[in-house]
>>> print(open('data.cif').read())   # mmCIF, C-alpha atoms and all ligand atoms
data_input
#
loop_
_atom_site.label_atom_id
_atom_site.label_comp_id
_atom_site.auth_asym_id
_atom_site.auth_seq_id
_atom_site.Cartn_x
_atom_site.Cartn_y
_atom_site.Cartn_z
CA MET A 1 -26.41 -0.62 -13.80
CA SER A 2 -25.95 3.15 -13.29
CA THR A 3 -22.72 4.59 -14.69
CA PRO A 4 -19.88 2.45 -13.31
CA ILE A 5 -17.19 4.36 -11.45
CA LEU A 6 -14.53 2.57 -13.50
CA SER A 7 -14.90 0.81 -16.84
CA VAL A 8 -12.45 -0.95 -19.09
CA ARG A 9 -13.31 -1.44 -22.76
CA GLY A 10 -11.42 -3.43 -25.36
CA LEU A 11 -8.20 -3.07 -23.42
CA ASN A 12 -5.08 -4.53 -25.00
CA ALA A 13 -1.77 -4.34 -23.15
CA GLY A 14 1.55 -6.09 -22.97
CA TYR A 15 5.28 -5.85 -22.60
CA GLY A 16 7.08 -4.90 -25.78
CA ASP A 17 6.18 -7.48 -28.43
CA PHE A 18 4.43 -9.72 -25.92
CA GLN A 19 0.67 -9.11 -25.72
CA ALA A 20 -0.63 -10.08 -22.28
CA LEU A 21 -4.22 -8.76 -22.42
CA PHE A 22 -6.71 -9.08 -25.29
CA GLY A 23 -9.83 -6.91 -25.49
CA ILE A 24 -10.61 -6.77 -21.77
CA ASP A 25 -14.02 -5.37 -20.75
CA LEU A 26 -15.11 -4.82 -17.17
CA ASP A 27 -17.34 -2.54 -15.10
CA LEU A 28 -16.86 -1.62 -11.46
CA PRO A 29 -20.15 -0.37 -9.97
CA GLU A 30 -19.96 2.67 -7.68
CA GLY A 31 -19.47 1.41 -4.12
CA GLY A 32 -19.13 -2.17 -5.34
CA LEU A 33 -16.56 -4.91 -4.94
CA LEU A 34 -15.46 -6.69 -8.10
CA GLY A 35 -13.54 -9.93 -7.66
CA LEU A 36 -10.81 -10.54 -10.24
CA VAL A 37 -9.67 -14.14 -10.46
CA GLY A 38 -7.53 -16.26 -12.73
CA ALA A 39 -4.54 -18.59 -12.65
CA ASN A 40 -0.91 -17.47 -12.38
CA GLY A 41 0.07 -15.47 -15.43
CA ALA A 42 -3.55 -14.86 -16.50
CA GLY A 43 -2.94 -11.10 -16.60
CA LYS A 44 -4.49 -9.77 -13.38
CA SER A 45 -1.51 -7.64 -12.31
CA THR A 46 -1.00 -6.52 -15.90
CA LEU A 47 -4.61 -5.31 -15.97
CA PHE A 48 -4.00 -3.20 -12.86
CA LYS A 49 -0.78 -1.80 -14.37
CA ALA A 50 -2.61 -0.92 -17.57
CA ILE A 51 -5.52 0.73 -15.71
CA LEU A 52 -3.03 2.84 -13.74
CA GLY A 53 -1.04 3.83 -16.82
CA LEU A 54 2.09 1.91 -15.84
CA LEU A 55 1.73 0.28 -19.26
CA PRO A 56 0.61 2.03 -22.45
CA ARG A 57 -3.13 1.86 -23.25
CA GLY A 58 -5.60 3.79 -25.36
CA ARG A 59 -7.59 6.85 -24.28
CA ASP A 60 -10.99 5.17 -24.56
CA MET A 61 -9.92 1.86 -23.02
CA VAL A 62 -10.39 3.17 -19.45
CA THR A 63 -13.20 5.45 -18.28
CA PHE A 64 -13.82 6.99 -14.86
CA ARG A 65 -17.41 8.05 -14.14
CA GLY A 66 -18.02 7.88 -17.88
CA GLN A 67 -15.03 10.07 -18.86
CA PRO A 68 -12.16 8.61 -20.91
CA ILE A 69 -8.98 8.57 -18.82
CA GLY A 70 -6.82 6.08 -20.72
CA HIS A 71 -4.57 8.92 -21.92
CA LEU A 72 -3.68 10.06 -18.38
CA ARG A 73 -0.34 9.41 -16.76
CA THR A 74 -0.08 7.45 -13.53
CA GLU A 75 0.25 10.54 -11.28
CA ALA A 76 -2.95 11.94 -12.76
CA MET A 77 -4.72 8.62 -12.17
CA LEU A 78 -3.66 8.72 -8.51
CA ARG A 79 -4.88 12.32 -8.19
CA LEU A 80 -8.18 11.25 -9.69
CA GLY A 81 -8.48 8.81 -6.81
CA ILE A 82 -7.42 5.40 -8.13
CA ALA A 83 -5.07 3.68 -5.67
CA LEU A 84 -3.16 0.39 -5.81
CA VAL A 85 -2.36 -2.05 -3.02
CA PRO A 86 0.40 -3.86 -4.88
CA GLU A 87 1.26 -7.53 -4.96
CA GLY A 88 4.04 -7.99 -2.36
CA ARG A 89 3.05 -4.82 -0.37
CA ARG A 90 6.19 -2.77 -1.26
CA LEU A 91 6.52 -0.71 1.91
CA PHE A 92 9.40 1.66 2.60
CA ARG A 93 11.57 -0.68 4.63
CA SER A 94 13.53 2.02 6.43
CA LEU A 95 10.39 3.82 7.62
CA SER A 96 8.20 3.01 10.62
CA VAL A 97 4.54 2.08 10.28
CA GLU A 98 3.47 5.60 11.16
CA GLU A 99 6.00 7.20 8.79
CA ASN A 100 4.83 5.01 5.92
CA LEU A 101 1.25 6.12 6.54
CA LYS A 102 2.08 9.80 7.08
CA LEU A 103 4.10 9.96 3.89
CA ALA A 104 1.18 8.55 1.92
CA ALA A 105 -1.27 10.89 3.66
CA GLU A 106 0.81 13.96 2.78
CA SER A 107 1.07 13.10 -0.89
CA GLY A 108 -2.56 11.96 -1.18
CA ARG A 109 -5.95 13.63 -1.29
CA ARG A 110 -7.64 15.08 1.79
CA GLY A 111 -10.68 13.25 3.18
CA GLU A 112 -12.11 11.19 5.98
CA TRP A 113 -9.30 8.59 5.99
CA THR A 114 -6.52 9.76 8.32
CA VAL A 115 -3.66 7.90 9.99
CA THR A 116 -5.74 7.83 13.21
CA ARG A 117 -8.67 6.28 11.39
CA VAL A 118 -6.40 3.60 9.92
CA PHE A 119 -5.19 2.80 13.46
CA ASP A 120 -8.85 2.52 14.52
CA LEU A 121 -9.48 0.11 11.64
CA PHE A 122 -6.33 -1.96 12.36
CA PRO A 123 -5.59 -1.64 16.12
CA ALA A 124 -2.55 -3.94 15.72
CA LEU A 125 -0.88 -1.15 13.75
CA ARG A 126 -1.37 1.40 16.51
CA GLU A 127 0.63 -0.85 18.85
CA LYS A 128 3.36 -1.18 16.22
CA ARG A 129 3.31 2.43 15.06
CA HIS A 130 7.00 3.03 15.81
CA ALA A 131 8.20 -0.35 14.55
CA ALA A 132 10.09 -0.61 11.26
CA SER A 133 7.91 -2.14 8.57
CA THR A 134 10.47 -4.97 8.31
CA ALA A 135 9.65 -5.94 11.92
CA LEU A 136 5.99 -6.61 11.10
CA SER A 137 4.25 -9.87 10.31
CA GLY A 138 3.01 -10.40 6.76
CA GLY A 139 -0.54 -9.57 7.84
CA GLN A 140 0.54 -6.35 9.53
CA GLN A 141 2.51 -5.36 6.43
CA GLN A 142 -0.61 -5.90 4.34
CA MET A 143 -2.56 -3.71 6.78
CA VAL A 144 0.03 -0.94 6.32
CA ALA A 145 -0.22 -1.33 2.55
CA ILE A 146 -4.01 -1.04 2.74
CA GLY A 147 -3.74 1.88 5.18
CA ARG A 148 -1.38 3.65 2.83
CA ALA A 149 -3.96 3.43 0.05
CA LEU A 150 -6.77 4.55 2.37
CA VAL A 151 -5.05 7.70 3.63
CA SER A 152 -4.74 8.90 0.03
CA ASN A 153 -8.58 9.04 0.16
CA PRO A 154 -9.19 7.31 -3.16
CA SER A 155 -12.50 6.57 -4.87
CA VAL A 156 -11.24 3.22 -6.16
CA ILE A 157 -8.72 0.78 -4.69
CA LEU A 158 -7.15 -2.01 -6.76
CA PHE A 159 -6.09 -4.78 -4.35
CA ASP A 160 -3.58 -7.18 -5.91
CA GLU A 161 -3.35 -10.61 -4.20
CA ILE A 162 -4.78 -9.24 -0.97
CA SER A 163 -4.27 -12.46 1.00
CA LEU A 164 -1.31 -14.15 -0.68
CA GLY A 165 1.02 -15.80 1.83
CA LEU A 166 -1.07 -14.87 4.89
CA ALA A 167 -2.32 -17.31 7.53
CA PRO A 168 -6.11 -17.93 7.26
CA ILE A 169 -6.87 -16.18 10.55
CA ILE A 170 -4.98 -13.09 9.39
CA VAL A 171 -6.82 -13.15 6.08
CA ASN A 172 -10.03 -12.90 8.11
CA ASP A 173 -8.66 -9.80 9.88
CA VAL A 174 -7.77 -8.18 6.57
CA TYR A 175 -11.18 -8.92 5.03
CA ALA A 176 -12.95 -7.77 8.21
CA ALA A 177 -11.86 -4.25 7.22
CA MET A 178 -13.66 -4.43 3.88
CA PRO A 179 -17.16 -3.36 5.02
CA ALA A 180 -15.69 -0.20 6.61
CA ILE A 181 -13.73 0.53 3.43
CA LEU A 182 -16.71 0.06 1.13
CA GLY A 183 -18.95 1.80 3.65
CA SER A 184 -16.85 4.93 3.30
CA GLY A 185 -17.82 5.05 -0.38
CA ILE A 186 -14.72 3.43 -1.86
CA SER A 187 -15.18 0.96 -4.74
CA ALA A 188 -12.76 -1.96 -5.04
CA ILE A 189 -11.36 -4.52 -7.41
CA VAL A 190 -9.86 -7.41 -5.45
CA VAL A 191 -7.54 -10.07 -6.85
CA GLU A 192 -8.03 -13.18 -4.72
CA GLN A 193 -6.95 -16.78 -5.29
CA ASP A 194 -9.50 -18.20 -2.85
CA VAL A 195 -12.56 -18.55 -5.09
CA GLU A 196 -14.90 -19.43 -2.21
CA ARG A 197 -13.92 -16.33 -0.26
CA ILE A 198 -14.22 -13.95 -3.17
CA ARG A 199 -17.60 -15.45 -4.05
CA ARG A 200 -18.82 -14.46 -0.59
CA MET A 201 -17.43 -10.91 -0.85
CA ALA A 202 -17.84 -9.77 -4.44
CA ASP A 203 -20.87 -8.20 -6.14
CA ARG A 204 -19.41 -9.05 -9.53
CA LEU A 205 -16.75 -11.43 -10.79
CA VAL A 206 -14.36 -11.33 -13.71
CA CYS A 207 -12.18 -14.33 -14.51
CA LEU A 208 -9.18 -14.03 -16.81
CA ASN A 209 -7.53 -16.86 -18.65
CA GLU A 210 -4.41 -16.29 -20.73
CA GLY A 211 -5.19 -12.59 -21.08
CA ARG A 212 -8.86 -12.90 -21.99
CA VAL A 213 -12.08 -12.51 -20.02
CA VAL A 214 -13.64 -15.95 -19.79
CA LEU A 215 -16.36 -15.21 -17.21
CA SER A 216 -17.94 -11.90 -16.21
CA GLY A 217 -21.10 -10.87 -14.39
CA PRO A 218 -22.93 -10.68 -11.06
CA THR A 219 -21.48 -13.22 -8.61
CA GLY A 220 -24.87 -14.86 -8.06
CA ASP A 221 -25.03 -15.82 -11.73
CA PHE A 222 -22.28 -18.41 -11.35
CA THR A 223 -21.89 -21.69 -9.51
CA LYS A 224 -18.61 -22.52 -7.83
CA ALA A 225 -18.05 -25.18 -10.50
CA GLN A 226 -18.48 -22.64 -13.31
CA ILE A 227 -15.95 -20.30 -11.71
CA THR A 228 -13.45 -23.09 -11.10
CA HIS A 229 -13.90 -24.27 -14.68
CA ALA A 230 -13.21 -20.75 -16.02
CA TYR A 231 -10.29 -20.31 -13.61
CA PHE A 232 -8.44 -23.39 -14.80
CA GLY A 233 -9.53 -23.04 -18.41
CA GLU A 234 -10.62 -26.67 -18.57
N1 LIG B 1 7.48 -7.19 -16.69
C1 LIG B 1 7.08 -8.13 -17.55
N2 LIG B 1 7.71 -8.32 -18.74
C2 LIG B 1 7.31 -9.27 -19.61
N3 LIG B 1 6.26 -10.09 -19.40
C3 LIG B 1 5.60 -9.96 -18.24
C4 LIG B 1 5.97 -8.98 -17.26
N4 LIG B 1 5.12 -9.09 -16.21
C5 LIG B 1 4.27 -10.08 -16.53
N5 LIG B 1 4.55 -10.60 -17.74
C6 LIG B 1 3.81 -11.67 -18.43
O1 LIG B 1 2.48 -11.23 -18.64
C7 LIG B 1 1.56 -12.30 -18.43
C8 LIG B 1 0.57 -11.86 -17.35
O2 LIG B 1 1.27 -11.71 -16.11
P1 LIG B 1 0.61 -11.10 -14.82
O3 LIG B 1 1.70 -10.85 -13.85
O4 LIG B 1 -0.26 -9.97 -15.20
O5 LIG B 1 -0.31 -12.30 -14.34
P2 LIG B 1 -1.11 -12.46 -12.98
O6 LIG B 1 -2.48 -12.90 -13.38
O7 LIG B 1 -0.97 -11.26 -12.15
O8 LIG B 1 -0.36 -13.70 -12.33
P3 LIG B 1 0.00 -14.03 -10.78
O9 LIG B 1 -1.20 -14.75 -10.25
O10 LIG B 1 1.18 -14.95 -10.90
O11 LIG B 1 0.30 -12.75 -10.08
C9 LIG B 1 2.38 -13.51 -18.05
O12 LIG B 1 2.58 -14.28 -19.22
C10 LIG B 1 3.70 -12.92 -17.57
O13 LIG B 1 4.76 -13.80 -17.79
MG MG B 2 -0.21 -10.90 -10.29
#
>>> encode(input="data.cif", output="structure tokens", more="lines below")
Ligand SMILES: Nc1ncnc2c1ncn2[C@@H]1O[C@H](COP(=O)(O)OP(=O)(O)OP(=O)(O)O)[C@@H](O)[C@H]1O
Ligand SMILES: [Mg+2]
Amino acid sequence: MSTPILSVRGLNAGYGDFQALFGIDLDLPEGGLLGLVGANGAGKSTLFKAILGLLPRGRDMVTFRGQPIGHLRTEAMLRLGIALVPEGRRLFRSLSVEENLKLAAESGRRGEWTVTRVFDLFPALREKRHAASTALSGGQQQMVAIGRALVSNPSVILFDEISLGLAPIIVNDVYAAMPAILGSGISAIVVEQDVERIRRMADRLVCLNEGRVVLSGPTGDFTKAQITHAYFGE
């Protein structure tokens, strides 16, 4: 593999005295999609928080294009081009769809992803542009959350529970955007509970169990049974 855009090495992280992650290693190839799976409480969201500097971690535990960045604060990580689509979307409830996107665009980096381009990607949002984010369906809220990350023109997006709570047909709509996202040069780590779906999408897989990596490598190396086995820690 050429130099990964994002690497994690020996990452330990936790909350106070509670250690949630133990020696995590992973590599996100440039332009690739890495699927991150694992049962509830395995540490997936904690890993994203640690990568982004929302939890303390060591300088050499995270590298970006080969450079250590584990000492950087969250704002610096965002400026570097690492964006999060958080679990539960977390939109500004008092703002309209368009205002949510414009606010993110203004504070983000300049690049090819504009509010207009997000509306082209998710036409349902163009129709709802003046609606309050509270008036949207779950799927539309997820599209706004993804759009908000895109307009910051990141190099890497961390998608946490991209399809949680969405109807299957809506999940298809959300995933239909992925080729355009990756095609624009963005690399992604996607947390997904649907093992079959992530197997179809991901170049590489990492499975966590109780804070440890229990499976890691190119997706094609693993059978569905192996992934399920790692997932449930049987
Ligand atoms: N703010 C917190 N304070 C203390 N412990 C936490 C906190 N957030 C998570 N944990 C603990 O850290 C461990 C990992 O949780 P985390 O949320 O990262 O798991 P997850 O894989 O994202 O799970 P889920 O699929 O439920 O989102 C769990 O034992 C959880 O209880
Ligand atoms: Mg989580």
>>> closest_atom_pairs(input="data.cif", of="chain A", to="ligand LIG 1 (chain B)", cutoff="7 Å", atoms="only C-alpha atoms and all ligand atoms", output="tab-separated table")
residue	atom	partner	partner_atom	distance
A:Gly14	CA	B:LIG1	O1	6.8
A:Tyr15	CA	B:LIG1	C2	5.0
A:Phe18	CA	B:LIG1	N3	6.8
A:Ala20	CA	B:LIG1	O1	4.9
A:Gly38	CA	B:LIG1	O6	6.1
A:Ala39	CA	B:LIG1	O9	5.6
A:Asn40	CA	B:LIG1	O9	3.5
A:Gly41	CA	B:LIG1	O5	3.4
A:Ala42	CA	B:LIG1	O6	3.8
A:Gly43	CA	B:LIG1	O4	3.2
A:Lys44	CA	B:LIG1	O6	3.7
A:Ser45	CA	B:LIG1	O7	3.7
A:Thr46	CA	B:LIG1	O4	3.6
A:Leu47	CA	B:LIG1	O4	6.4
A:Gly211	CA	B:LIG1	C8	6.9
>>> residues_around(input="data.cif", residues="Ser187 in chain A", least_positions_apart="2", cutoff="8 Å", atoms="only C-alpha atoms", output="ChimeraX atom specification")
/A:5,28-33,155-157,182,185,189
>>> write_last_selection(input="data.cif", atoms="C-alpha atoms", output="PDB file, keeping the file's coordinate frame")
ATOM      1  CA  ILE A   5     -17.190   4.360 -11.450  1.00  0.00           C
ATOM      2  CA  LEU A  28     -16.860  -1.620 -11.460  1.00  0.00           C
ATOM      3  CA  PRO A  29     -20.150  -0.370  -9.970  1.00  0.00           C
ATOM      4  CA  GLU A  30     -19.960   2.670  -7.680  1.00  0.00           C
ATOM      5  CA  GLY A  31     -19.470   1.410  -4.120  1.00  0.00           C
ATOM      6  CA  GLY A  32     -19.130  -2.170  -5.340  1.00  0.00           C
ATOM      7  CA  LEU A  33     -16.560  -4.910  -4.940  1.00  0.00           C
ATOM      8  CA  SER A 155     -12.500   6.570  -4.870  1.00  0.00           C
ATOM      9  CA  VAL A 156     -11.240   3.220  -6.160  1.00  0.00           C
ATOM     10  CA  ILE A 157      -8.720   0.780  -4.690  1.00  0.00           C
ATOM     11  CA  LEU A 182     -16.710   0.060   1.130  1.00  0.00           C
ATOM     12  CA  GLY A 185     -17.820   5.050  -0.380  1.00  0.00           C
ATOM     13  CA  ILE A 189     -11.360  -4.520  -7.410  1.00  0.00           C
TER      14      ILE A 189
END
>>> residues_around(input="data.cif", residues="range 55-66 of chain A", least_positions_apart="2", cutoff="10 Å", atoms="only C-alpha atoms", output="JSON, numbers by chain")
{"A": [2, 3, 4, 5, 6, 7, 8, 9, 10, 11, 12, 13, 14, 15, 16, 23, 24, 25, 26, 27, 28, 29, 30, 46, 47, 48, 49, 50, 51, 52, 53, 68, 69, 70, 71, 72, 73, 74, 77, 80, 81, 82, 156]}
>>> closest_residue(input="data.cif", among="A:Leu215, A:Leu101, A:Ala202, A:Val85", to="ligand MG 2 (chain B)", atoms="all atoms listed in the file")
A:Val85
>>> closest_residue(input="data.cif", among="A:Glu192, A:Lys128, A:Val151, A:Ala225", to="ligand MG 2 (chain B)", atoms="all atoms listed in the file")
A:Glu192
>>> closest_residue(input="data.cif", among="A:Leu208, A:Phe119, A:Leu166, A:Tyr175", to="ligand MG 2 (chain B)", atoms="all atoms listed in the file")
A:Leu208
>>> atom_distance(input="data.cif", atom1="CA of Asn209 in chain A", atom2="CA of Gly233 in chain A")
6.5 Å
>>> closest_residue(input="data.cif", among="A:Gly88, A:Pro154, A:Pro218, A:Gly35", to="ligand MG 2 (chain B)", atoms="only C-alpha atoms and all ligand atoms")
A:Gly88
>>> residues_around(input="data.cif", residues="Glu196 in chain A", least_positions_apart="6", cutoff="12 Å", atoms="all atoms listed in the file", output="list in words")
Gly35, Val37, Ala202, Leu205, Thr219, Phe222, Thr223, Lys224, Ala225, Ile227 and Thr228 of chain A
>>> atom_distance(input="data.cif", atom1="CA of His229 in chain A", atom2="CA of Asp203 in chain A")
19.5 Å
>>> closest_residue(input="data.cif", among="A:Ser107, A:Ser152, A:Thr116, A:Gln193", to="ligand MG 2 (chain B)", atoms="all atoms listed in the file")
A:Gln193
>>> closest_residue(input="data.cif", among="A:Arg148, A:Arg199, A:Arg90, A:Leu36", to="ligand MG 2 (chain B)", atoms="only C-alpha atoms and all ligand atoms")
A:Leu36
>>> atom_distance(input="data.cif", atom1="CA of Ala83 in chain A", atom2="CA of Gln19 in chain A")
24.5 Å
>>> residues_around(input="data.cif", residues="Gly139 in chain A", least_positions_apart="4", cutoff="12 Å", atoms="all atoms listed in the file", output="MDAnalysis selection string")
chainID A and resid 88:89 122 124:125 133:135 143:146 162:175
>>> build_atoms(input="data.cif", residues="range 140-171 of chain A", atoms="N, CA and C atoms", output="short mmCIF file (atom, residue, chain, number, x, y, z; two decimals), in the frame of the given file")
data_model
loop_
_atom_site.label_atom_id
_atom_site.label_comp_id
_atom_site.auth_asym_id
_atom_site.auth_seq_id
_atom_site.Cartn_x
_atom_site.Cartn_y
_atom_site.Cartn_z
N GLN A 140 0.41 -7.76 9.13
CA GLN A 140 0.54 -6.35 9.53
C GLN A 140 1.08 -5.52 8.36
N GLN A 141 2.01 -6.09 7.61
CA GLN A 141 2.51 -5.36 6.43
C GLN A 141 1.38 -5.10 5.43
N GLN A 142 0.51 -6.10 5.26
CA GLN A 142 -0.61 -5.90 4.34
C GLN A 142 -1.54 -4.82 4.87
N MET A 143 -1.72 -4.76 6.19
CA MET A 143 -2.56 -3.71 6.78
C MET A 143 -1.95 -2.32 6.53
N VAL A 144 -0.63 -2.22 6.62
CA VAL A 144 0.03 -0.94 6.32
C VAL A 144 -0.18 -0.58 4.85
N ALA A 145 -0.04 -1.58 3.99
CA ALA A 145 -0.22 -1.33 2.55
C ALA A 145 -1.64 -0.86 2.26
N ILE A 146 -2.62 -1.46 2.92
CA ILE A 146 -4.01 -1.04 2.74
C ILE A 146 -4.21 0.35 3.33
N GLY A 147 -3.63 0.56 4.52
CA GLY A 147 -3.74 1.88 5.18
C GLY A 147 -3.15 2.98 4.32
N ARG A 148 -2.04 2.66 3.68
CA ARG A 148 -1.38 3.65 2.83
C ARG A 148 -2.29 4.05 1.66
N ALA A 149 -3.00 3.09 1.12
CA ALA A 149 -3.96 3.43 0.05
C ALA A 149 -5.11 4.25 0.62
N LEU A 150 -5.61 3.86 1.79
CA LEU A 150 -6.77 4.55 2.37
C LEU A 150 -6.50 6.02 2.65
N VAL A 151 -5.32 6.31 3.24
CA VAL A 151 -5.05 7.70 3.63
C VAL A 151 -4.85 8.62 2.42
N SER A 152 -4.76 8.04 1.23
CA SER A 152 -4.74 8.90 0.03
C SER A 152 -6.18 9.24 -0.38
N ASN A 153 -7.16 8.75 0.38
CA ASN A 153 -8.58 9.04 0.16
C ASN A 153 -9.02 8.86 -1.29
N PRO A 154 -8.82 7.61 -1.78
CA PRO A 154 -9.19 7.31 -3.16
C PRO A 154 -10.69 7.06 -3.31
N SER A 155 -11.14 7.02 -4.57
CA SER A 155 -12.50 6.57 -4.87
C SER A 155 -12.50 5.09 -5.21
N VAL A 156 -11.36 4.62 -5.73
CA VAL A 156 -11.24 3.22 -6.16
C VAL A 156 -9.93 2.67 -5.62
N ILE A 157 -9.97 1.46 -5.06
CA ILE A 157 -8.72 0.78 -4.69
C ILE A 157 -8.62 -0.53 -5.47
N LEU A 158 -7.46 -0.75 -6.07
CA LEU A 158 -7.15 -2.01 -6.76
C LEU A 158 -6.28 -2.82 -5.81
N PHE A 159 -6.81 -3.93 -5.30
CA PHE A 159 -6.09 -4.78 -4.35
C PHE A 159 -5.51 -5.97 -5.10
N ASP A 160 -4.19 -6.06 -5.19
CA ASP A 160 -3.58 -7.18 -5.91
C ASP A 160 -3.15 -8.26 -4.92
N GLU A 161 -3.70 -9.47 -5.07
CA GLU A 161 -3.35 -10.61 -4.20
C GLU A 161 -3.42 -10.20 -2.74
N ILE A 162 -4.61 -9.82 -2.30
CA ILE A 162 -4.78 -9.24 -0.97
C ILE A 162 -4.38 -10.21 0.14
N SER A 163 -4.51 -11.51 -0.10
CA SER A 163 -4.27 -12.46 1.00
C SER A 163 -3.12 -13.42 0.75
N LEU A 164 -2.36 -13.20 -0.32
CA LEU A 164 -1.31 -14.15 -0.68
C LEU A 164 -0.28 -14.29 0.43
N GLY A 165 -0.02 -15.52 0.85
CA GLY A 165 1.02 -15.80 1.83
C GLY A 165 0.62 -15.53 3.27
N LEU A 166 -0.65 -15.16 3.51
CA LEU A 166 -1.07 -14.87 4.89
C LEU A 166 -1.79 -16.08 5.50
N ALA A 167 -1.62 -16.24 6.83
CA ALA A 167 -2.32 -17.31 7.53
C ALA A 167 -3.83 -17.03 7.48
N PRO A 168 -4.65 -18.11 7.41
CA PRO A 168 -6.11 -17.93 7.26
C PRO A 168 -6.73 -16.98 8.29
N ILE A 169 -6.27 -17.04 9.52
CA ILE A 169 -6.87 -16.18 10.55
C ILE A 169 -6.55 -14.70 10.29
N ILE A 170 -5.38 -14.46 9.73
CA ILE A 170 -4.98 -13.09 9.39
C ILE A 170 -5.77 -12.59 8.18
N VAL A 171 -6.01 -13.51 7.25
CA VAL A 171 -6.82 -13.15 6.08
C VAL A 171 -8.19 -12.66 6.55
#
